[in-house]
Each structure stands twice: as structure tokens, then as C-alpha cells.
Amino acid sequence: MEKSRIQDAIKKLSALKCHGLYLSDFLLTWEKTDDELAAVFAVAEILRDMRRTNISARIFDSGLAVSIFRDNSTRTRFSFASASNLLGLALQDLDEGKSQIAHGETVRETATMISFMAEVIGIRDDMYIGKGNAYMREVSRAVQEAHAAGILEQRPTLVNLQCDIDHPTQAMADAMHLLQHFGGAKSLRGKKLAMSWAYSPSYGKPLSVPQGVIGLMTRFGMNVVLAHPPGYEVMKQTLDVAKENASKSGGSFQVTNDMRQAFAGADVVYPKSWASYAAMERRTDLYGRGDMAGIKELEKELLAQNATHKDWECTEKLMQETKSSRGLYLHCLPADISGVSCKEGEVEASVFDRYRDPLYREASYKPYVIAAMIFLSKVQQPAKMLERLVTAAKPRTS
Amino acid sequence: MEKSRIQDAIKKLSALKCHGLYLSDFLLTWEKTDDELAAVFAVAEILRDMRRTNISARIFDSGLAVSIFRDNSTRTRFSFASASNLLGLALQDLDEGKSQIAHGETVRETATMISFMAEVIGIRDDMYIGKGNAYMREVSRAVQEAHAAGILEQRPTLVNLQCDIDHPTQAMADAMHLLQHFGGAKSLRGKKLAMSWAYSPSYGKPLSVPQGVIGLMTRFGMNVVLAHPPGYEVMKQTLDVAKENASKSGGSFQVTNDMRQAFAGADVVYPKSWASYAAMERRTDLYGRGDMAGIKELEKELLAQNATHKDWECTEKLMQETKSSRGLYLHCLPADISGVSCKEGEVEASVFDRYRDPLYREASYKPYVIAAMIFLSKVQQPAKMLERLVTAAKPRTS
Amino acid sequence: MEKSRIQDAIKKLSALKCHGLYLSDFLLTWEKTDDELAAVFAVAEILRDMRRTNISARIFDSGLAVSIFRDNSTRTRFSFASASNLLGLALQDLDEGKSQIAHGETVRETATMISFMAEVIGIRDDMYIGKGNAYMREVSRAVQEAHAAGILEQRPTLVNLQCDIDHPTQAMADAMHLLQHFGGAKSLRGKKLAMSWAYSPSYGKPLSVPQGVIGLMTRFGMNVVLAHPPGYEVMKQTLDVAKENASKSGGSFQVTNDMRQAFAGADVVYPKSWASYAAMERRTDLYGRGDMAGIKELEKELLAQNATHKDWECTEKLMQETKSSRGLYLHCLPADISGVSCKEGEVEASVFDRYRDPLYREASYKPYVIAAMIFLSKVQQPAKMLERLVTAAKPRTS
């Protein structure tokens, strides 16, 4: 039964125009066509069903998956490791410490030196506005040049594991969760999603999650509302992307400073803390000038600012405002749970508890989303290859 | 010849009732039946013979083996890496630093997040009394729940790589060494083993080795003597286990404060330093209260206490007391060798030197013991699977 | 076409006497015969061509490649990881920190404990004169003994990833670059190579690169000139090796204190900073006595000494002196590029820029050189095995 479901999914995949993904990087969801995103979802689901039915998805006999994490990460690290391993690649971490490494020549050279046998490079660099995505493009250009010059036998493709602008593997996993939960892309049309700021006692959480979510969910004809207190604005370019997406997809996009209004009638809520764009820009400036005292001062200021918005909490009462009081609660995890992981946080413990299983399921899609991104960037005829793998049906575990 | 030996061993394995190991964790040897332990030894030996005859034991085409080490470890880390690799799993380390991580929700969530493609989780957590084994059970419950909820496609099984109570991979490797040395389980009946405290200039060595040894060796009808100075008591529950085991197996278990008496006529001696249970409990309390000054004070006190027992050393003279002066010397390594790795230590250099090869052999069983534990927890019909692997005889190295 | 090129290369390989490499370590190039070095080049090239034509070179189904890096290393680490992965081995790093670990018993024991399933051990230990190579030989003896005693089922072979004396994987990659660039071993006869000191604002760069280069390039009948300011002498034993090689190969070897003279008419130049042997000996002494203040003092002194030789820079003007003004510029990377990675350095930016692609290509040979070293040490009949792999033509990536 699962096998015929896989066959159907492969058939659907073969109808999608996704050749643009071949040999290309996955840096921002809005650089990809609807068909390309649909292909990622389709392959992710097929790979999951293959694993469930014990069919090997190894397309590599050898080869490296290089990870560059410029910020601590357990979840994304394990997702990338799992995805690479599923396809037959060995993980090799480039550990440069958490400091920004020099740009320019150094990036170019290092990128080439680590890529002689690399099939994919996964990068997380989300700490400084204007830096993370730019760094990824620098690495991408470097390996492109080295490949063109015949120095690299293959061109490793890049997967953005979170930058300052987008968090595509997270947003795509979130979307896959919605697709599974509501039953396909058509069911998302007209659904209301509230991406809302929420209070956290910590500081400087990246903007890439809200930006990634509004940049992606607006493509499914959803009514997306971004809610935050004044002063917690996100990058303008991502607002523009969301607006344009909404207008194209027949959905809508609005920004509000009222959490309750955002939750009202929402099918999906995503309450999560982030730092404001303006604050992050100041931080990047201070960092650039090496002004560590200034950064400390800024941190204090931002925590004080946060503390004036403790009412931005996803409470049971607020959840009552959602569609039939049963809106789906999303989070990228880990959440700041009031009375559990902190005194006052993003979400009431009972709300989080009720949604724990769906939240963990949401997270479970990420390894498959990443594997699908790698698969589609490395395989010229993905549907045919999957067909071949399913027909061969080599057991993943004996 | 080796192949027919493998075939015989598989036949013996198929007669053992070891289905209880399937999909279960390996946390304490005394939670396992005699047949289950015999199955671990049998599979370990078969895997070793297969490797020797260049037959691949890969039962996984992909999949992760997750390691969590809350204490430095080179030997156990390499043993776990080797075992995982032999079966086809890729190692992925969860590096949380050495500090205790928060329990409760955090453990539950992290355990699930790292397990989407994990087949096995190996944990070493031996620093605090009452904590390590409890942590393992928390992780075990978490992945069990996540599997039951359909979030994890497979349930990773746990292997205890050393906790506060038991060190099953060490004790099982020690036992395998005895089985090989003396020629099988029957030959161990009536043999005397002295598990003795020995002086070390260092502080706070875990109790899991002596506890694991008395909890396991008493099952083979051996006469096990635990020797230590007053004040170096081990956990009462493990004494109870040892007593009960001895009475069931037809062996004996005694505790003495006299090292010489323990060595007298011993077939096997295992002199090794450890901290006392009471001291470790105080340390855990101090740690819980964050009293680092108190911990320093305790350390001083314990080192001073240790220093009053420098005569607890495994000397040539003492070895003369053993059976025919040729008792087998065991150690989990590294040992504190007098005049070599420290001024005064657990063992005289000439004694250690004489037993170096057997000691290294003892250690060499650990990767196979761990591989056998993983194998038996992941394979429903182990004898059939081994039969299949041996018949296929895929070369491990071309 | 590439396949027939591979077949030809295998035929040539089969004519070489390289059985001495089987089960042996690769520690110094001058311990190997000409045929053995030729075999490494041949296998490296064949493995590269196999990868290019998507033919798997996996000769291991499982097995560990252990790395021991006692100095930071991104490039060599990735080269070793790539080489191991290409052959089917999983990398396992022994992270002992950067401090010298104790010698003697500890080395012996640790070497054995990490080797139960290790096929190869790669070591980088270049910080202290008289230590690195000696450490490798200690490890080698330990695993030899443990194998002879039946403790290790296989004897892991060692690859020197840089020591105090030689840097064979670098020098061999450099040589492979020359062979490819000039068109084979015969074309190197009579070519002039200048291995020259160059100014760097940093301190204490290892001598193994110049020593390795003069120890290897003198074997091809080249005219090798070593140039450095007075006080930057290399180890005498490597000068002796270079002299003897040159006399045997029909080339020449000279030392000069004049960079321009070295560059005059040179076909190849290799300008690179290093510390003097005498200074490194003093540093090793100070380190041995734990005199950190003395080391700081020495560092100051050496930097001041360096600063008196800022004119030792590979400038455009100097490059004009080389053969037809078009000498090939080599570097092991990363280079200290004037105005780019430092204010004043080893090489003018425009020179480096012009040679960037060849430099990256030079580096690209290293993973293959390492893989060839491992291959030849683990495979008894290398030509036959390669023949078999090429005939089987298992795709590396589906």
C-alpha cells in the first residue's frame, strides 16, 4: 500500500518542472518556483515513505557533506547529519569557532580547500544582519569558480541552514507539517496563519524564522498576519516578498501590532520571540567596530524593551480566539515555556503540552526536507532515480 | 576452520532465549537473563570471527549511532565508534559540554530531536550518584513515547556506556576475557575473583566498575570477594544484587576490608581505585547546591583519606598470594602504575608489565560487546541474520 | 577515453616494484624507493580518474581512519577525511588537545586502544623539533607489537600528515602538480626549482615544508636551490638527504643566502616562510622546561629577526628573473599575501592572483596522494585490485 503511494507520488513529481534545482543552491525559498518547492515536498515525502518501508535511498557510495555552523546548533546539526547519511554522504564539520571569519580571499580559498570531495555544503550563519546570506553567496561563487576552472571535479551545492534573511529548511518543514496536517496544498488556501512575536527573557533571537515563514506561507494562498509590538519590525525586503507572494497566490498579508487580532480566527499560530531588525543592525555595527561594551549595553536595553511586552504570551485564553478554539500551534523549538524553561516566556505550559506531539512531528520533517534539497540539487532526473531506487528496493537495514 | 567455528557458535546462539533483548535498552546487566548475557557473548565472538575472516557484518546501509558523553572518554568513544561502524552506522556526537544538562522537558525534547534517524544512543554519564542511570531512563522513556506517538519511525535503543550504577560494556568485556582465558562459562564455576580497591593519587573515580563487576561475575558461580578499606563502600543495591546472584548461581559473595585476604588463592584479581558511595553522595549534594567551594574542600578531604591507604597496592608480593602465584590481573585501563603514570599508585610496574598483553586483549573485546548489544537490540532473529551474513560472505575489505 | 587512460596507467603501475609499501607506514619520502613513489603518483592519478568517471574506489565496507592532529588544520584534515571516505573508511578523530601528550606507556596504550578497528592512523605533529616524527614511530611500534601479540586483528598503517622533519603528503602533492604541469617525470630532469624562505609577520612556521620539498624534488634530477637568510637553516639531516638524492638522480642541490640568485632562471619557485632549526630547538628546550616566559621572549626575538628580512618577498620584479619570466609559483597555502592577508608578507598580491588556479590545483592532489598512500599500504596487489574496481565499475554516485 505504501509502495503504491510512493509510486503515485513519483508520478506527481515527474509532472513538476524542477530542473532549476539541479546543481543549484537552496538559499531563499522565494528564489524558487512553486513547482520547485512542490518538488522538495514531494521528494521529502517519498524519502520518508521509502525509509518507512525500509528502502535504501543511498545515491552516494562515498562523498562528503560539509557543515559550517557559526552558531551553536543541536537540532539543525542532527537534521543535516541525518539527511546526509540517508543519501550516503559522510558529515565533515568545518569548525571555525563562532567568530566571524574573514571574508574575501580567505573565504574563497577555504571554500575551495574543503570542497575537493564535497557534494553539499550546509551553512548556518544567522548572527549578524547583512552577513549570513552574503557569506553563503561568497562560498557559492568560490566553488562555482573553482569548478569552472576544473579545480573541483564536482560543484558542491549549498543548503542554507539558517541565515540572517531566511531559514528555508525550517520554513519548509513547517509548511510540510501544514500540508500533512490539513491535507495538501489546496487545503491551505484561505487558511489564516498568525506569525506573532512573543515575549522571551532571552535576547537577540534571529529574525530568519518569522521572515522565512511570511516569505513562504504567503505562497499557498493563505491569509498571513505578522504581529509584533512596535519596534520589532522585520527586514523590509521580506515584507515586500510576503506582499508580492500574497497578491500572486490569491492570499493576503498584513502586519499588525495586536497579537489578539492576529490570533482571531487563525487556523495556525506561530508565536515566537525575535529581535528587531533595527536592533540587529545596531548590533552588527557595534560588532564591526569591535565595541563589545556597546553590545553589552545594547543587550541590556533590548532585554528591558522585551520586558515591557510580557503580555505577548501564547496563553490558553488567547488560543480560545483561534478558529474553533483549536488553531494549530507551531514553533521551531526550543520554545521558552512559562514556568518550565523560564519564569515567563513565549507560551503557557498547558498550551505547549497539548501540542507537543504535533510540534515534534513538525520537527521530524526537517531531515527529509534537507535530504530532498540535496537530492534535487544532485540528481538530474529525480523521478527516474526514485523510480529506480524503489524498484531496486535495496533494504536500508537488513 | 574458523567458518565452521562460526557456524557452531550460531547454532548455540539459536538455542538461547534472547528475544527480550530485541528493541530493548542495555542499562544494567542484572536486568538481563543468563541466556541474554550468553547471547551477547556469543554474538560478540561471532562478529569478531566474522571480521577476522573478512566477512562484512553491515546490517545497516544508513542510520546514525548517537553518542552522548558527559565525561571525557577516549577508549569508550572509540569502542562505540568501532562497534557502530562495523554494523554500518555513522557516529554523531551530541556534545553538550560536561555540565549536567537540565532534566525533564529538555531531556525529552532533545532526545526526540536527535533521534529521527538514530538506531542507537550510547550514553556515558557517571559523574553524579543518582543521576546517570536516571538520565538514561529519561531518554529511554522519551524516545519510547515519541515512537509510540508515531513521531519516530524507529525507536533508538540505548546502550549504557557507563553510569553511576553499572558499567555493563566494561564488565561484559571483562567477563568475555575471563571466558576466553579460562575456556567457557563452566570453567568459571568455583573460581575466586577479588575485586579490590587500590590506592590512587587521583580523586572521585566512578564506582560503576566495581559495582558492575560484582553484579556480573557473581552470575557465573564464581566466588567473588569485594575488598576495600572502611569508608569505601559501594552502593547497597549492588551489594544486594551480588548476594542474590551468588546464591542463585551457586557461587559466593563476600565483603572484606583486607586486600591480602581477598587476594589469597584468587584466580582473578581486579585492583582498582574508586571513590566511596557516601563521598559521591555528598559531592552530588554539593553540586546540586552549586557549592563549588564545598566540592573543592571535599576533594581535599578525600585525597587525604586516600593517602592513608597507600598500602592498598597490587604488588608482586601480593600477587604471590594468588592461586599458584599466577592469578590473572584485570583492569579497565588506564591504570595508575607506580613509578610510571604516578609516584605511588594502584599497581607495581612489573606486575602491570607482565599482564600488558592480556589487559589489552581484555580491552579489545569491548567494541564487539557493544556491537553485539546493538545487534541483538535491532535484529529480530539474530541467529538467522548471522547465518545469512556468513552465507553471503560479503568481504569487509576487498 | 578516460577509461583507456586508466587501463594504461594500471599497466604502468603493475610494472613498478611497490610491494614494500604494503603494510608499511608512510613517514618520510626518502625512506621510499623511486618505484614506490612512482606507484603513489600512479595510484593517485588512477583514483582521480576513477572518481571523474564515477567509478567507486571503495575497498572498505567498514573500518576506521583515525586522525590525530596536534595542531590546527583545516586543509589537511579535510584531505585526510576525503581520502578515507573515498576508500570507504569512517573518520574518527582522537582529540587530545594541542598539548604534547605523555610519551612512553601512555602512547603505547592509547595507540592500541584506538586501533581495534583502525585501518589507518594519520598524524600531524609538527610543533616541536625532535618530537613529531619520533611520536609517529612510537605509535607505529606500539600497533606493530599489539598486532604481533594478536591483540589487533589488523595493523593500522601510519600516514605522516606533517611532522618536524617531513611533510610527505604536501611534498608529494606538490610533486604531482609538477608532474602534471610539465608532463611527466622525464620532463622534470634539469628543471630548476627554488625553495626559498620568504618574509612573514608570523612566527614559528614549521620547517617540514622546505625540508620535505628539498628531500623529494632532488630525486627527479632537478636542480634544487634552497635559499634563506643566514640564521634560517633547516635540519642538517635533510640537507644530507637532498645532497645524496641530487647526486644519485643526476640533479643538483645548492644552498644560498640570495633569493634573487635562487630565482634566476628557475622553472619553479616555492617562496615560503619558516622558522630556523636552531630557534625551533631552543623553543623545544624551553617548552620541555615549561618556560613559557622564555618562549614569549624567544617569539619576540624571532619576530624582530624576521622583520629584518622583509625584502625576502616574491615580487613581480623577482618573478621576472625566473625562466622566461614565467616560472611556476608554488605554495602549500595559506600564503601571507602582502596587502591582503597581512601588510607585508611572502608574496605580492598580483603574483599570487595570477597563480591562484594552479595553486588550488596543486592542493587538489593532496586527497588523492593520501588515498594512494592508504591504498598501497592496505592492498597487496594494487594493480589487480584497481583492475577489478575499474572492471566492476560500480558507480560512486547513482
# chains A, B, ... in the order shown; residues from 1 in each chain; ligands from 1

call {"tool": "interface_residues", "arguments": {"of": "chain A", "to": "chain C", "cutoff": "7 Å", "atoms": "only C-alpha atoms", "output": "PyMOL selection string"}}
result
chain A and resi 59-63+113-114+116-117+151+153

call {"tool": "write_last_selection", "arguments": {"atoms": "N, CA and C atoms", "output": "compact mmCIF listing (two decimals), in the first residue's frame"}}
result
# COMPACT_ATOMS: atom_id res chain seq x y z
N ILE A 59 22.20 7.32 -2.66
CA ILE A 59 22.60 7.59 -4.04
C ILE A 59 24.10 7.86 -4.10
N PHE A 60 24.73 7.92 -2.93
CA PHE A 60 26.17 8.11 -2.89
C PHE A 60 26.85 6.91 -2.23
N ASP A 61 27.87 6.44 -2.87
CA ASP A 61 28.71 5.36 -2.36
C ASP A 61 29.80 5.97 -1.48
N SER A 62 30.22 7.18 -1.82
CA SER A 62 31.13 7.97 -1.00
C SER A 62 30.88 9.44 -1.32
N GLY A 63 31.52 10.30 -0.58
CA GLY A 63 31.31 11.74 -0.76
C GLY A 63 31.07 12.40 0.58
N MET A 113 39.23 24.66 -0.64
CA MET A 113 40.05 23.63 0.02
C MET A 113 39.22 22.53 0.69
N ILE A 114 38.00 22.89 1.13
CA ILE A 114 37.17 21.89 1.80
C ILE A 114 36.26 21.15 0.82
N PHE A 116 37.04 19.54 -2.26
CA PHE A 116 37.55 18.62 -3.29
C PHE A 116 36.68 17.38 -3.43
N MET A 117 36.11 16.93 -2.33
CA MET A 117 35.23 15.76 -2.42
C MET A 117 33.87 16.02 -1.79
N ILE A 151 39.17 22.88 -11.14
CA ILE A 151 39.86 22.52 -9.90
C ILE A 151 39.01 21.56 -9.08
N GLU A 153 36.19 18.76 -9.14
CA GLU A 153 35.59 17.82 -10.10
C GLU A 153 34.07 17.91 -10.11

call {"tool": "residues_around", "arguments": {"residues": "Ala307 (chain A)", "least_positions_apart": "4", "cutoff": "8 Å", "atoms": "only C-alpha atoms", "output": "PyMOL selection string"}}
result
chain A and resi 199+201+303

call {"tool": "select_by_dssp", "arguments": {"residues": "region 64-266 of chain B", "states": "alpha helix (DSSP H)", "output": "compact mmCIF listing (two decimals) with N, CA and C atoms, in the first residue's frame"}}
result
# COMPACT_ATOMS: atom_id res chain seq x y z
N ARG B 75 38.69 5.82 25.17
CA ARG B 75 38.56 4.39 24.92
C ARG B 75 37.13 4.00 24.59
N THR B 76 36.20 4.43 25.46
CA THR B 76 34.81 4.05 25.26
C THR B 76 34.27 4.70 23.98
N ARG B 77 34.71 5.93 23.72
CA ARG B 77 34.30 6.62 22.50
C ARG B 77 34.73 5.82 21.27
N PHE B 78 35.98 5.38 21.26
CA PHE B 78 36.47 4.61 20.11
C PHE B 78 35.78 3.24 20.03
N SER B 79 35.49 2.64 21.18
CA SER B 79 34.80 1.35 21.16
C SER B 79 33.41 1.50 20.56
N PHE B 80 32.71 2.55 20.97
CA PHE B 80 31.36 2.77 20.45
C PHE B 80 31.42 3.12 18.95
N ALA B 81 32.39 3.94 18.58
CA ALA B 81 32.56 4.30 17.17
C ALA B 81 32.86 3.06 16.33
N SER B 82 33.72 2.20 16.85
CA SER B 82 34.10 0.99 16.11
C SER B 82 32.91 0.05 15.95
N ALA B 83 32.18 -0.14 17.04
CA ALA B 83 31.03 -1.04 17.02
C ALA B 83 29.98 -0.54 16.02
N SER B 84 29.68 0.74 16.07
CA SER B 84 28.68 1.33 15.18
C SER B 84 29.12 1.18 13.73
N ASN B 85 30.37 1.50 13.49
CA ASN B 85 30.91 1.43 12.14
C ASN B 85 30.86 0.00 11.59
N LEU B 86 31.18 -0.96 12.43
CA LEU B 86 31.18 -2.36 12.00
C LEU B 86 29.81 -2.77 11.46
N LEU B 87 28.76 -2.21 12.07
CA LEU B 87 27.40 -2.58 11.67
C LEU B 87 26.84 -1.67 10.58
N GLU B 105 11.65 18.37 30.71
CA GLU B 105 11.23 18.70 29.35
C GLU B 105 12.40 18.74 28.37
N THR B 106 13.50 19.32 28.83
CA THR B 106 14.63 19.49 27.92
C THR B 106 15.16 18.14 27.45
N VAL B 107 15.27 17.21 28.38
CA VAL B 107 15.76 15.89 28.01
C VAL B 107 14.80 15.25 27.01
N ARG B 108 13.53 15.32 27.34
CA ARG B 108 12.51 14.73 26.49
C ARG B 108 12.61 15.27 25.06
N GLU B 109 12.71 16.59 24.97
CA GLU B 109 12.72 17.21 23.66
C GLU B 109 14.01 16.90 22.90
N THR B 110 15.14 17.10 23.58
CA THR B 110 16.41 16.84 22.92
C THR B 110 16.50 15.38 22.47
N ALA B 111 16.09 14.48 23.33
CA ALA B 111 16.15 13.05 22.99
C ALA B 111 15.38 12.78 21.70
N THR B 112 14.23 13.41 21.56
CA THR B 112 13.44 13.20 20.34
C THR B 112 14.10 13.84 19.12
N MET B 113 14.61 15.05 19.32
CA MET B 113 15.17 15.81 18.19
C MET B 113 16.41 15.15 17.57
N GLY B 132 23.16 9.47 36.60
CA GLY B 132 23.47 8.91 35.29
C GLY B 132 22.44 7.92 34.79
N ASN B 133 22.18 6.90 35.58
CA ASN B 133 21.22 5.89 35.14
C ASN B 133 19.83 6.49 35.01
N ALA B 134 19.51 7.41 35.92
CA ALA B 134 18.20 8.07 35.87
C ALA B 134 18.06 8.85 34.56
N TYR B 135 19.12 9.51 34.16
CA TYR B 135 19.09 10.26 32.90
C TYR B 135 18.85 9.33 31.72
N MET B 136 19.54 8.18 31.73
CA MET B 136 19.37 7.22 30.63
C MET B 136 17.91 6.76 30.54
N ARG B 137 17.31 6.55 31.70
CA ARG B 137 15.92 6.08 31.69
C ARG B 137 14.97 7.18 31.20
N GLU B 138 15.35 8.42 31.50
CA GLU B 138 14.54 9.53 30.98
C GLU B 138 14.61 9.58 29.45
N VAL B 139 15.83 9.44 28.93
CA VAL B 139 15.99 9.44 27.48
C VAL B 139 15.22 8.26 26.88
N SER B 140 15.31 7.12 27.52
CA SER B 140 14.65 5.92 27.03
C SER B 140 13.14 6.12 26.97
N ARG B 141 12.58 6.67 28.04
CA ARG B 141 11.13 6.93 28.06
C ARG B 141 10.75 7.90 26.95
N ALA B 142 11.57 8.93 26.78
CA ALA B 142 11.25 9.96 25.79
C ALA B 142 11.18 9.37 24.38
N VAL B 143 12.17 8.57 24.02
CA VAL B 143 12.15 8.03 22.65
C VAL B 143 11.07 6.96 22.51
N GLN B 144 10.77 6.28 23.61
CA GLN B 144 9.68 5.30 23.58
C GLN B 144 8.35 6.01 23.29
N GLU B 145 8.12 7.08 24.01
CA GLU B 145 6.89 7.86 23.81
C GLU B 145 6.80 8.43 22.40
N ALA B 146 7.91 8.97 21.94
CA ALA B 146 7.91 9.58 20.61
C ALA B 146 7.69 8.52 19.54
N HIS B 147 8.18 7.32 19.78
CA HIS B 147 7.97 6.24 18.82
C HIS B 147 6.50 5.79 18.85
N ALA B 148 5.98 5.67 20.06
CA ALA B 148 4.58 5.25 20.21
C ALA B 148 3.65 6.26 19.55
N PRO B 168 28.15 -1.69 32.12
CA PRO B 168 27.92 -3.03 31.54
C PRO B 168 28.82 -3.38 30.37
N THR B 169 29.21 -2.40 29.54
CA THR B 169 30.07 -2.77 28.40
C THR B 169 31.46 -3.16 28.90
N GLN B 170 31.90 -2.53 30.00
CA GLN B 170 33.20 -2.88 30.58
C GLN B 170 33.13 -4.25 31.25
N ALA B 171 32.13 -4.43 32.11
CA ALA B 171 32.04 -5.69 32.85
C ALA B 171 31.83 -6.86 31.89
N MET B 172 31.06 -6.64 30.83
CA MET B 172 30.83 -7.71 29.86
C MET B 172 32.12 -8.03 29.10
N ALA B 173 32.90 -6.98 28.78
CA ALA B 173 34.19 -7.21 28.12
C ALA B 173 35.13 -7.96 29.06
N ASP B 174 35.11 -7.56 30.33
CA ASP B 174 35.93 -8.27 31.34
C ASP B 174 35.53 -9.74 31.40
N ALA B 175 34.22 -9.96 31.43
CA ALA B 175 33.73 -11.34 31.52
C ALA B 175 34.10 -12.14 30.27
N MET B 176 34.02 -11.50 29.12
CA MET B 176 34.38 -12.19 27.88
C MET B 176 35.85 -12.59 27.91
N HIS B 177 36.65 -11.71 28.50
CA HIS B 177 38.07 -12.00 28.66
C HIS B 177 38.25 -13.25 29.54
N LEU B 178 37.50 -13.33 30.63
CA LEU B 178 37.59 -14.50 31.51
C LEU B 178 37.12 -15.76 30.79
N LEU B 179 36.04 -15.62 30.05
CA LEU B 179 35.51 -16.78 29.31
C LEU B 179 36.54 -17.31 28.32
N GLN B 180 37.21 -16.37 27.63
CA GLN B 180 38.22 -16.77 26.65
C GLN B 180 39.44 -17.35 27.35
N HIS B 181 39.80 -16.70 28.48
CA HIS B 181 41.02 -17.09 29.17
C HIS B 181 40.88 -18.47 29.81
N PHE B 182 39.74 -18.69 30.49
CA PHE B 182 39.59 -19.93 31.23
C PHE B 182 38.89 -21.02 30.42
N SER B 208 31.18 2.60 39.22
CA SER B 208 30.47 1.70 38.32
C SER B 208 31.28 0.46 37.94
N VAL B 209 32.61 0.58 37.95
CA VAL B 209 33.40 -0.61 37.62
C VAL B 209 33.29 -1.68 38.72
N PRO B 210 33.64 -1.37 39.99
CA PRO B 210 33.47 -2.43 40.99
C PRO B 210 32.03 -2.91 41.08
N GLN B 211 31.08 -2.01 41.01
CA GLN B 211 29.68 -2.39 41.11
C GLN B 211 29.26 -3.28 39.95
N GLY B 212 29.72 -2.91 38.75
CA GLY B 212 29.40 -3.71 37.57
C GLY B 212 30.03 -5.09 37.65
N VAL B 213 31.26 -5.12 38.17
CA VAL B 213 31.98 -6.40 38.24
C VAL B 213 31.34 -7.35 39.25
N ILE B 214 31.02 -6.84 40.45
CA ILE B 214 30.40 -7.76 41.43
C ILE B 214 28.98 -8.14 41.00
N GLY B 215 28.32 -7.24 40.27
CA GLY B 215 26.96 -7.53 39.81
C GLY B 215 26.94 -8.54 38.67
N LEU B 216 28.04 -8.68 37.97
CA LEU B 216 28.06 -9.61 36.83
C LEU B 216 28.77 -10.92 37.15
N MET B 217 29.95 -10.81 37.79
CA MET B 217 30.79 -12.02 37.94
C MET B 217 30.16 -13.03 38.91
N LYS B 236 24.53 0.16 48.12
CA LYS B 236 23.95 -1.02 48.75
C LYS B 236 23.20 -1.88 47.73
N GLN B 237 22.49 -1.26 46.81
CA GLN B 237 21.68 -2.05 45.87
C GLN B 237 22.53 -3.01 45.05
N THR B 238 23.79 -2.61 44.81
CA THR B 238 24.65 -3.50 44.02
C THR B 238 25.19 -4.64 44.88
N LEU B 239 25.34 -4.37 46.18
CA LEU B 239 25.72 -5.46 47.09
C LEU B 239 24.60 -6.49 47.14
N ASP B 240 23.37 -6.00 47.20
CA ASP B 240 22.21 -6.90 47.23
C ASP B 240 22.15 -7.75 45.96
N VAL B 241 22.39 -7.09 44.83
CA VAL B 241 22.39 -7.81 43.55
C VAL B 241 23.44 -8.92 43.58
N ALA B 242 24.64 -8.57 44.05
CA ALA B 242 25.74 -9.54 44.07
C ALA B 242 25.39 -10.73 44.95
N LYS B 243 24.84 -10.44 46.13
CA LYS B 243 24.46 -11.52 47.04
C LYS B 243 23.44 -12.46 46.41
N GLU B 244 22.41 -11.87 45.84
CA GLU B 244 21.34 -12.67 45.25
C GLU B 244 21.87 -13.50 44.08
N ASN B 245 22.67 -12.85 43.25
CA ASN B 245 23.28 -13.56 42.11
C ASN B 245 24.06 -14.78 42.59
N ALA B 246 24.90 -14.55 43.62
CA ALA B 246 25.78 -15.61 44.10
C ALA B 246 24.94 -16.77 44.62
N SER B 247 23.91 -16.46 45.34
CA SER B 247 23.10 -17.53 45.92
C SER B 247 22.39 -18.31 44.80
N LYS B 248 21.97 -17.63 43.75
CA LYS B 248 21.31 -18.31 42.63
C LYS B 248 22.29 -19.15 41.81
N SER B 249 23.49 -18.62 41.64
CA SER B 249 24.42 -19.25 40.70
C SER B 249 25.26 -20.34 41.36
N MET B 259 42.82 -6.56 51.87
CA MET B 259 43.21 -6.81 50.48
C MET B 259 43.90 -8.17 50.33
N ARG B 260 44.80 -8.46 51.29
CA ARG B 260 45.57 -9.70 51.23
C ARG B 260 44.63 -10.92 51.28
N GLN B 261 43.66 -10.84 52.18
CA GLN B 261 42.69 -11.93 52.32
C GLN B 261 41.92 -12.14 51.01
N ALA B 262 41.58 -11.01 50.36
CA ALA B 262 40.86 -11.10 49.09
C ALA B 262 41.72 -11.78 48.02
N PHE B 263 43.00 -11.44 48.02
CA PHE B 263 43.91 -11.99 47.00
C PHE B 263 44.24 -13.47 47.25

call {"tool": "residues_around", "arguments": {"residues": "Pro229 (chain B)", "least_positions_apart": "5", "cutoff": "9 Å", "atoms": "only C-alpha atoms", "output": "list in words"}}
result
Trp197, Thr256, Asn257, Asp258, Met259, His309 and Trp312 of chain B

call {"tool": "residues_around", "arguments": {"residues": "Ile121 (chain B)", "least_positions_apart": "3", "cutoff": "6 Å", "atoms": "only C-alpha atoms", "output": "CSV table (one decimal) with N, CA and C atoms, in the first residue's frame"}}
result
chain,number,residue,atom,x,y,z
B,65,ALA,N,24.3,6.4,14.8
B,65,ALA,CA,24.6,6.0,16.2
B,65,ALA,C,25.0,7.2,17.0
B,66,VAL,N,24.1,7.6,17.9
B,66,VAL,CA,24.3,8.9,18.6
B,66,VAL,C,25.1,8.6,19.9
B,67,SER,N,26.1,9.4,20.1
B,67,SER,CA,26.8,9.2,21.4
B,67,SER,C,26.6,10.5,22.3
B,158,LEU,N,19.0,2.1,23.7
B,158,LEU,CA,20.1,2.7,24.5
B,158,LEU,C,21.1,1.7,24.9

call {"tool": "residues_around", "arguments": {"residues": "Val351 (chain B)", "least_positions_apart": "3", "cutoff": "12 Å", "atoms": "only C-alpha atoms", "output": "short mmCIF file (atom, residue, chain, number, x, y, z; two decimals) with C-alpha atoms, in the first residue's frame"}}
result
data_model
loop_
_atom_site.label_atom_id
_atom_site.label_comp_id
_atom_site.auth_asym_id
_atom_site.auth_seq_id
_atom_site.Cartn_x
_atom_site.Cartn_y
_atom_site.Cartn_z
CA VAL B 269 42.27 -10.04 40.81
CA PRO B 271 42.60 -3.98 41.95
CA GLU B 313 48.71 -1.56 46.05
CA CYS B 314 48.83 -4.58 43.79
CA THR B 315 52.44 -5.58 44.39
CA GLU B 316 54.47 -8.58 43.24
CA LYS B 317 54.40 -9.75 46.84
CA LEU B 318 50.64 -9.61 46.92
CA MET B 319 50.39 -11.42 43.58
CA GLN B 320 52.30 -14.27 45.27
CA SER B 325 51.08 -17.18 42.37
CA ARG B 326 49.62 -16.77 38.88
CA GLY B 327 46.25 -15.11 39.36
CA LEU B 328 45.01 -13.19 36.33
CA TYR B 329 45.29 -9.44 36.77
CA LEU B 330 42.42 -7.36 35.34
CA HIS B 331 41.97 -3.61 34.91
CA ALA B 335 45.74 2.12 35.50
CA ILE B 337 51.04 2.47 37.68
CA SER B 338 53.52 3.19 40.49
CA GLU B 346 47.25 1.04 42.08
CA VAL B 347 49.81 -1.43 40.81
CA GLU B 348 53.52 -2.13 40.74
CA ARG B 354 53.67 -8.77 32.89
CA TYR B 355 49.95 -8.52 32.18
CA ARG B 356 50.01 -5.87 29.48
CA ASP B 357 49.08 -8.16 26.61
CA PRO B 358 46.19 -9.81 28.44
CA LEU B 359 45.00 -6.36 29.59
#

call {"tool": "atom_distance", "arguments": {"atom1": "CA of Met127 (chain C)", "atom2": "CA of Asp93 (chain A)"}}
result
23.9 Å

call {"tool": "atom_distance", "arguments": {"atom1": "CA of Asp125 (chain C)", "atom2": "CA of His228 (chain C)"}}
result
24.1 Å

call {"tool": "closest_residue", "arguments": {"among": "B:Ala266, B:Ile165, B:Ala278, B:Ala371", "to": "Glu321 (chain B)", "atoms": "only C-alpha atoms"}}
result
B:Ala266
